[in-house]
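**Q** Right, I'll just put the structure down here and ask away after.
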2 protein chains.
Amino acid sequence: MGFSTLWRRGNISGLYVITTESPQRSHIDIAKASIEAGVSFIQYRDKNASTRKLFETALKLREITRKARTKLIINDRVDIALAVKADGVHLGQDDMPLEHARDILGDRYIIGISTSCLEEAVEAEHGGADYIGLGPIYPTPSKDDAGSPIGIEGLMAARESVDIPIVAIGGLTADNIEQVVSAGSDGIAVISAVASALDMAEASRRLNALIERAKRPLI
Amino acid sequence: MGFSTLWRRGNISGLYVITTESPQRSHIDIAKASIEAGVSFIQYRDKNASTRKLFETALKLREITRKARTKLIINDRVDIALAVKADGVHLGQDDMPLEHARDILGDRYIIGISTSCLEEAVEAEHGGADYIGLGPIYPTPSKDDAGSPIGIEGLMAARESVDIPIVAIGGLTADNIEQVVSAGSDGIAVISAVASALDMAEASRRLNALIERAKRPLI
């Protein structure tokens, strides 16, 4: 992947908030609070909605993220990403294969791949992914299909093996973010740490500050 | 829509088989029997599968339909249609809006729109649909979200109002196909009339023959 392509797709790091709807909070609510707190990435993830609903919500998210210059990533759905001109897609191992998504999306869209082990991480990099989601790092209640935690050791092994950005996921909270960043993660993906917080914007700001602090070089 | 575009997308008429998986019969089984019987269109419809599963099945369907020169239409998913280079998509009122699907797919893909009344039919034509699915004509057990039947009268009213091909759907069987074609339907869409038949290829052939006979001009 050339420098110019990397440049166009932007730097993938910082706080990466995945939306998850609850009776109390909509995808839009979570995105608004995250944007207010200055998060770098919002991933819109909804495995149950109709295509029309996905489209309508993604369109609203595109409006508010564009104004804020927050990157908008669509989970799973290449068609929705194209329809609303999102910044990219995030693909799990049950989603469209990377090479076909790249064929459709071209080089201007970010493509991230969910990986749960070193082998998948290396394969995603070779396949032309722009970043990998890696996890779960710790046990997590947010995704019931997540596998066994790979731990800080798994993250460090992946960091040794791939050059593209790593966005760690799974059980990440204010209590462990610093060690995850120190172990080599570029981005920190959270679901419940924001969506379930009493004050979502405050939680996002705090996580963001912890990431910034962990990235500061030790002098 | 110009003549050349119509020509590229082909003539939309004849038997249109919508796949529906059961424990006994896969989407591929239904498609193979339909192809053997010479159906014009196969619509791959699966509202439950993961994107990966949709992609893999659609890819197999693309292989067998291409050899047979049967048109392959993908229900709902513009991304899957692009990934496997299907002939088109079929969009319901809960799927991606027509104008956005056309923006993504361009003029080389067929886009059909599900309509259940005159107003939707006219709107789909104005929006640039290549055909409309219209129904349910009769009561049907295959789609539990289908509305009230519009009857032969509803079909005739739509035929008066739109110029694009009409593919009738809903409760169509060997017993009523001839009157549906006589009322102005170009295509006949079936789900259970093929998928639930003892001999699917034989059922398809019989339905095909009835459509041909109904289309023959009375001399």
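In the structure tokens, each chain is lettered A, B, ... as it comes, each chain's residues begin at 1, and ligands are numbered from 1 in order of appearance.
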Can you list, as a list in words, every protein, DNA or RNA residue that comes within 6 Å of segment 114-124 of chain B when you count only C-alpha atoms, leaving out same-chain residues fewer than 5 positions away?
**A**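 My reading of the contact set: Gly92, Ala129, Ile132, Gly133, Leu134, Gly135 and Ala158 of chain B.
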**Q** How would the residues just picked look written out with N, CA and C atoms as a compact mmCIF listing (two decimals), in the first residue's frame?
**A**
# COMPACT_ATOMS: atom_id res chain seq x y z
N GLY B 92 -37.32 -4.14 -1.64
CA GLY B 92 -38.61 -3.92 -1.00
C GLY B 92 -38.67 -2.51 -0.44
N ALA B 129 -37.16 2.48 -11.85
CA ALA B 129 -37.13 1.01 -11.70
C ALA B 129 -37.20 0.35 -13.07
N ILE B 132 -41.50 -3.66 -11.78
CA ILE B 132 -42.06 -3.72 -10.42
C ILE B 132 -42.51 -5.13 -10.13
N GLY B 133 -42.27 -5.54 -8.88
CA GLY B 133 -42.96 -6.70 -8.34
C GLY B 133 -44.26 -6.15 -7.81
N LEU B 134 -45.36 -6.77 -8.14
CA LEU B 134 -46.67 -6.24 -7.72
C LEU B 134 -47.48 -7.33 -7.04
N GLY B 135 -47.89 -7.04 -5.80
CA GLY B 135 -48.70 -8.04 -5.11
C GLY B 135 -48.81 -7.75 -3.63
N ALA B 158 -52.88 -1.26 -12.30
CA ALA B 158 -51.46 -0.95 -12.39
C ALA B 158 -50.99 -1.02 -13.84
**Q** His27 of chain B: which residues within 12 Å, counting only C-alpha atoms, same-chain residues fewer than 6 positions away excluded, as a ChimeraX atom specification?
**A** /B:17-21,33-34,42-46,49,53-54,56-61,64,191,194-195
**Q** Could you list, as a PyMOL selection string, every residue of chain B that has an atom within 7 Å of an atom of chain A, counting only C-alpha atoms?
**A** chain B and resi 50-52+55+78-79+82-83+94-96+100+104
**Q** If DSSP is run on the backbone, what residues of chain B are strand (DSSP E)? A reply as a PDB file with C-alpha atoms, in the first residue's frame would be ideal.
**A**
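Everything below was put into result.pdb:
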ATOM      1  CA  GLY B  14     -41.646 -15.144 -17.900  1.00  0.00           C
ATOM      2  CA  LEU B  15     -41.274 -17.303 -14.813  1.00  0.00           C
ATOM      3  CA  TYR B  16     -39.443 -15.653 -11.931  1.00  0.00           C
ATOM      4  CA  VAL B  17     -38.527 -18.059  -9.149  1.00  0.00           C
ATOM      5  CA  ILE B  18     -37.710 -16.747  -5.688  1.00  0.00           C
ATOM      6  CA  PHE B  41     -35.213 -15.193 -13.563  1.00  0.00           C
ATOM      7  CA  ILE B  42     -34.011 -16.452 -10.219  1.00  0.00           C
ATOM      8  CA  GLN B  43     -34.185 -14.187  -7.218  1.00  0.00           C
ATOM      9  CA  TYR B  44     -31.964 -15.164  -4.326  1.00  0.00           C
ATOM     10  CA  LYS B  71     -30.844 -13.802 -14.927  1.00  0.00           C
ATOM     11  CA  LEU B  72     -29.799 -13.666 -11.276  1.00  0.00           C
ATOM     12  CA  ILE B  73     -31.463 -11.060  -9.065  1.00  0.00           C
ATOM     13  CA  ILE B  74     -30.371 -10.512  -5.460  1.00  0.00           C
ATOM     14  CA  ASN B  75     -33.012  -9.591  -2.925  1.00  0.00           C
ATOM     15  CA  GLY B  88     -29.689  -6.979 -10.610  1.00  0.00           C
ATOM     16  CA  VAL B  89     -31.337  -6.422  -7.278  1.00  0.00           C
ATOM     17  CA  HIS B  90     -34.863  -6.568  -6.027  1.00  0.00           C
ATOM     18  CA  LEU B  91     -35.689  -3.952  -3.403  1.00  0.00           C
ATOM     19  CA  ILE B 110     -31.610  -4.384 -13.247  1.00  0.00           C
ATOM     20  CA  ILE B 111     -33.445  -2.838 -10.308  1.00  0.00           C
ATOM     21  CA  GLY B 112     -36.882  -4.162  -9.411  1.00  0.00           C
ATOM     22  CA  ILE B 113     -39.082  -2.666  -6.715  1.00  0.00           C
ATOM     23  CA  SER B 114     -41.710  -4.407  -4.588  1.00  0.00           C
ATOM     24  CA  THR B 115     -44.999  -2.571  -4.761  1.00  0.00           C
ATOM     25  CA  TYR B 131     -39.672  -3.526 -13.330  1.00  0.00           C
ATOM     26  CA  ILE B 132     -42.062  -3.718 -10.423  1.00  0.00           C
ATOM     27  CA  GLY B 133     -42.957  -6.703  -8.345  1.00  0.00           C
ATOM     28  CA  LEU B 134     -46.667  -6.239  -7.715  1.00  0.00           C
ATOM     29  CA  ILE B 166     -44.870  -5.982 -14.077  1.00  0.00           C
ATOM     30  CA  VAL B 167     -43.912  -9.162 -12.252  1.00  0.00           C
ATOM     31  CA  ALA B 168     -46.986 -10.349 -10.376  1.00  0.00           C
ATOM     32  CA  ILE B 169     -46.538 -12.150  -7.066  1.00  0.00           C
ATOM     33  CA  GLY B 187     -43.624 -11.946 -15.304  1.00  0.00           C
ATOM     34  CA  ILE B 188     -44.917 -14.444 -12.796  1.00  0.00           C
ATOM     35  CA  ALA B 189     -43.062 -14.656  -9.504  1.00  0.00           C
ATOM     36  CA  VAL B 190     -43.447 -17.761  -7.393  1.00  0.00           C
TER      37      VAL B 190
END
**Q** Which residues in segment 131-216 of chain B does DSSP call alpha helix (DSSP H)? List them as number ranges by chain.
**A** B: 151-161, 177-182, 192-195, 200-215
**Q** Write the residues of the preceding selection, restricted to N, CA and C atoms, as a short mmCIF file (atom, residue, chain, number, x, y, z; two decimals), in the first residue's frame.
**A**
data_model
loop_
_atom_site.label_atom_id
_atom_site.label_comp_id
_atom_site.auth_asym_id
_atom_site.auth_seq_id
_atom_site.Cartn_x
_atom_site.Cartn_y
_atom_site.Cartn_z
N GLY B 151 -55.72 -8.33 -5.91
CA GLY B 151 -56.62 -8.96 -6.88
C GLY B 151 -56.29 -8.62 -8.32
N ILE B 152 -57.00 -9.26 -9.21
CA ILE B 152 -56.83 -9.04 -10.65
C ILE B 152 -57.16 -7.59 -11.01
N GLU B 153 -58.12 -7.02 -10.30
CA GLU B 153 -58.51 -5.62 -10.55
C GLU B 153 -57.34 -4.68 -10.26
N GLY B 154 -56.64 -4.93 -9.14
CA GLY B 154 -55.49 -4.10 -8.78
C GLY B 154 -54.38 -4.22 -9.82
N LEU B 155 -54.18 -5.45 -10.31
CA LEU B 155 -53.18 -5.68 -11.34
C LEU B 155 -53.54 -4.93 -12.62
N MET B 156 -54.80 -5.01 -13.01
CA MET B 156 -55.24 -4.33 -14.24
C MET B 156 -55.10 -2.81 -14.13
N ALA B 157 -55.39 -2.29 -12.94
CA ALA B 157 -55.25 -0.85 -12.72
C ALA B 157 -53.78 -0.44 -12.85
N ALA B 158 -52.88 -1.26 -12.30
CA ALA B 158 -51.46 -0.95 -12.39
C ALA B 158 -50.99 -1.02 -13.84
N ARG B 159 -51.49 -2.03 -14.57
CA ARG B 159 -51.13 -2.20 -15.98
C ARG B 159 -51.50 -0.97 -16.81
N GLU B 160 -52.63 -0.36 -16.45
CA GLU B 160 -53.07 0.87 -17.13
C GLU B 160 -52.14 2.04 -16.85
N SER B 161 -51.50 2.00 -15.67
CA SER B 161 -50.79 3.18 -15.18
C SER B 161 -49.27 3.15 -15.35
N ILE B 177 -52.50 -18.65 -13.13
CA ILE B 177 -51.47 -17.93 -13.89
C ILE B 177 -52.02 -17.35 -15.19
N GLU B 178 -52.84 -18.11 -15.86
CA GLU B 178 -53.30 -17.63 -17.17
C GLU B 178 -54.08 -16.33 -17.07
N GLN B 179 -54.93 -16.23 -16.06
CA GLN B 179 -55.70 -14.97 -15.95
C GLN B 179 -54.82 -13.81 -15.52
N VAL B 180 -53.74 -14.12 -14.76
CA VAL B 180 -52.82 -13.06 -14.32
C VAL B 180 -52.03 -12.52 -15.52
N VAL B 181 -51.60 -13.43 -16.37
CA VAL B 181 -50.89 -12.99 -17.58
C VAL B 181 -51.85 -12.23 -18.50
N SER B 182 -53.06 -12.74 -18.63
CA SER B 182 -54.04 -12.06 -19.48
C SER B 182 -54.37 -10.66 -18.97
N SER B 192 -43.48 -20.64 -3.22
CA SER B 192 -43.85 -22.00 -2.84
C SER B 192 -44.29 -22.86 -4.02
N ALA B 193 -44.82 -22.25 -5.08
CA ALA B 193 -45.29 -23.05 -6.23
C ALA B 193 -44.15 -23.87 -6.83
N VAL B 194 -42.92 -23.41 -6.64
CA VAL B 194 -41.78 -24.23 -7.07
C VAL B 194 -41.12 -24.88 -5.86
N ALA B 195 -40.76 -24.07 -4.85
CA ALA B 195 -39.97 -24.60 -3.73
C ALA B 195 -40.67 -25.72 -2.97
N MET B 200 -39.68 -30.11 -8.41
CA MET B 200 -39.54 -28.67 -8.66
C MET B 200 -39.35 -28.33 -10.13
N ALA B 201 -38.55 -29.14 -10.83
CA ALA B 201 -38.29 -28.86 -12.24
C ALA B 201 -39.57 -29.05 -13.06
N GLU B 202 -40.30 -30.10 -12.72
CA GLU B 202 -41.56 -30.36 -13.42
C GLU B 202 -42.57 -29.23 -13.16
N ALA B 203 -42.63 -28.78 -11.93
CA ALA B 203 -43.54 -27.67 -11.59
C ALA B 203 -43.14 -26.41 -12.36
N SER B 204 -41.86 -26.14 -12.45
CA SER B 204 -41.39 -24.96 -13.18
C SER B 204 -41.73 -25.05 -14.66
N ARG B 205 -41.52 -26.23 -15.21
CA ARG B 205 -41.83 -26.42 -16.64
C ARG B 205 -43.31 -26.19 -16.91
N ARG B 206 -44.13 -26.72 -16.02
CA ARG B 206 -45.58 -26.59 -16.20
C ARG B 206 -46.01 -25.12 -16.12
N LEU B 207 -45.47 -24.40 -15.12
CA LEU B 207 -45.80 -22.98 -14.97
C LEU B 207 -45.33 -22.20 -16.19
N ASN B 208 -44.11 -22.50 -16.63
CA ASN B 208 -43.54 -21.86 -17.82
C ASN B 208 -44.44 -22.05 -19.04
N ALA B 209 -44.90 -23.27 -19.22
CA ALA B 209 -45.75 -23.59 -20.38
C ALA B 209 -47.07 -22.83 -20.30
N LEU B 210 -47.61 -22.71 -19.09
CA LEU B 210 -48.87 -21.97 -18.93
C LEU B 210 -48.69 -20.49 -19.25
N ILE B 211 -47.54 -19.94 -18.84
CA ILE B 211 -47.26 -18.53 -19.15
C ILE B 211 -47.16 -18.34 -20.67
N GLU B 212 -46.42 -19.24 -21.32
CA GLU B 212 -46.25 -19.16 -22.77
C GLU B 212 -47.60 -19.22 -23.47
N ARG B 213 -48.45 -20.15 -23.01
CA ARG B 213 -49.75 -20.31 -23.64
C ARG B 213 -50.61 -19.06 -23.46
N ALA B 214 -50.56 -18.50 -22.25
CA ALA B 214 -51.37 -17.31 -21.97
C ALA B 214 -50.92 -16.11 -22.78
N LYS B 215 -49.61 -16.09 -23.13
CA LYS B 215 -49.08 -14.94 -23.88
C LYS B 215 -49.35 -15.03 -25.37
#
**Q** Counting only C-alpha atoms, figure out which residue out of A:Asp87, A:Asp199, A:Arg108, A:Asp186 gets nearest to Asp29 of chain A.
**A**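 Of the candidates, the smallest distance to Asp29 of chain A is held by A:Asp199.
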**Q** When you look at segment 138-140 of chain A with a cut-off of 8 Å (counting only C-alpha atoms), what residues show up, excluding the ones that are within fewer than 3 positions of it in the same chain? I need them as a ChimeraX atom specification.
**A** /A:135,143,146,148-151,170-172
**Q** Have a look at atom CA of Arg62 of chain A and atom CA of Gly106 of chain B and let me know their distance in Å, one decimal.
**A** 22.4 Å
**Q** Work out how far apart atom CA of Lys67 of chain B and atom CA of Asp107 of chain B are and give it in Å to one decimal.
**A**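 Computing it gives 22.9 Å between the two atoms.
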**Q** So how many Å separate atom CA of Lys32 of chain B and atom CA of Ala86 of chain B, to one decimal?
**A**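 Going from atom CA of Lys32 of chain B over to atom CA of Ala86 of chain B, I get 16.3 Å.
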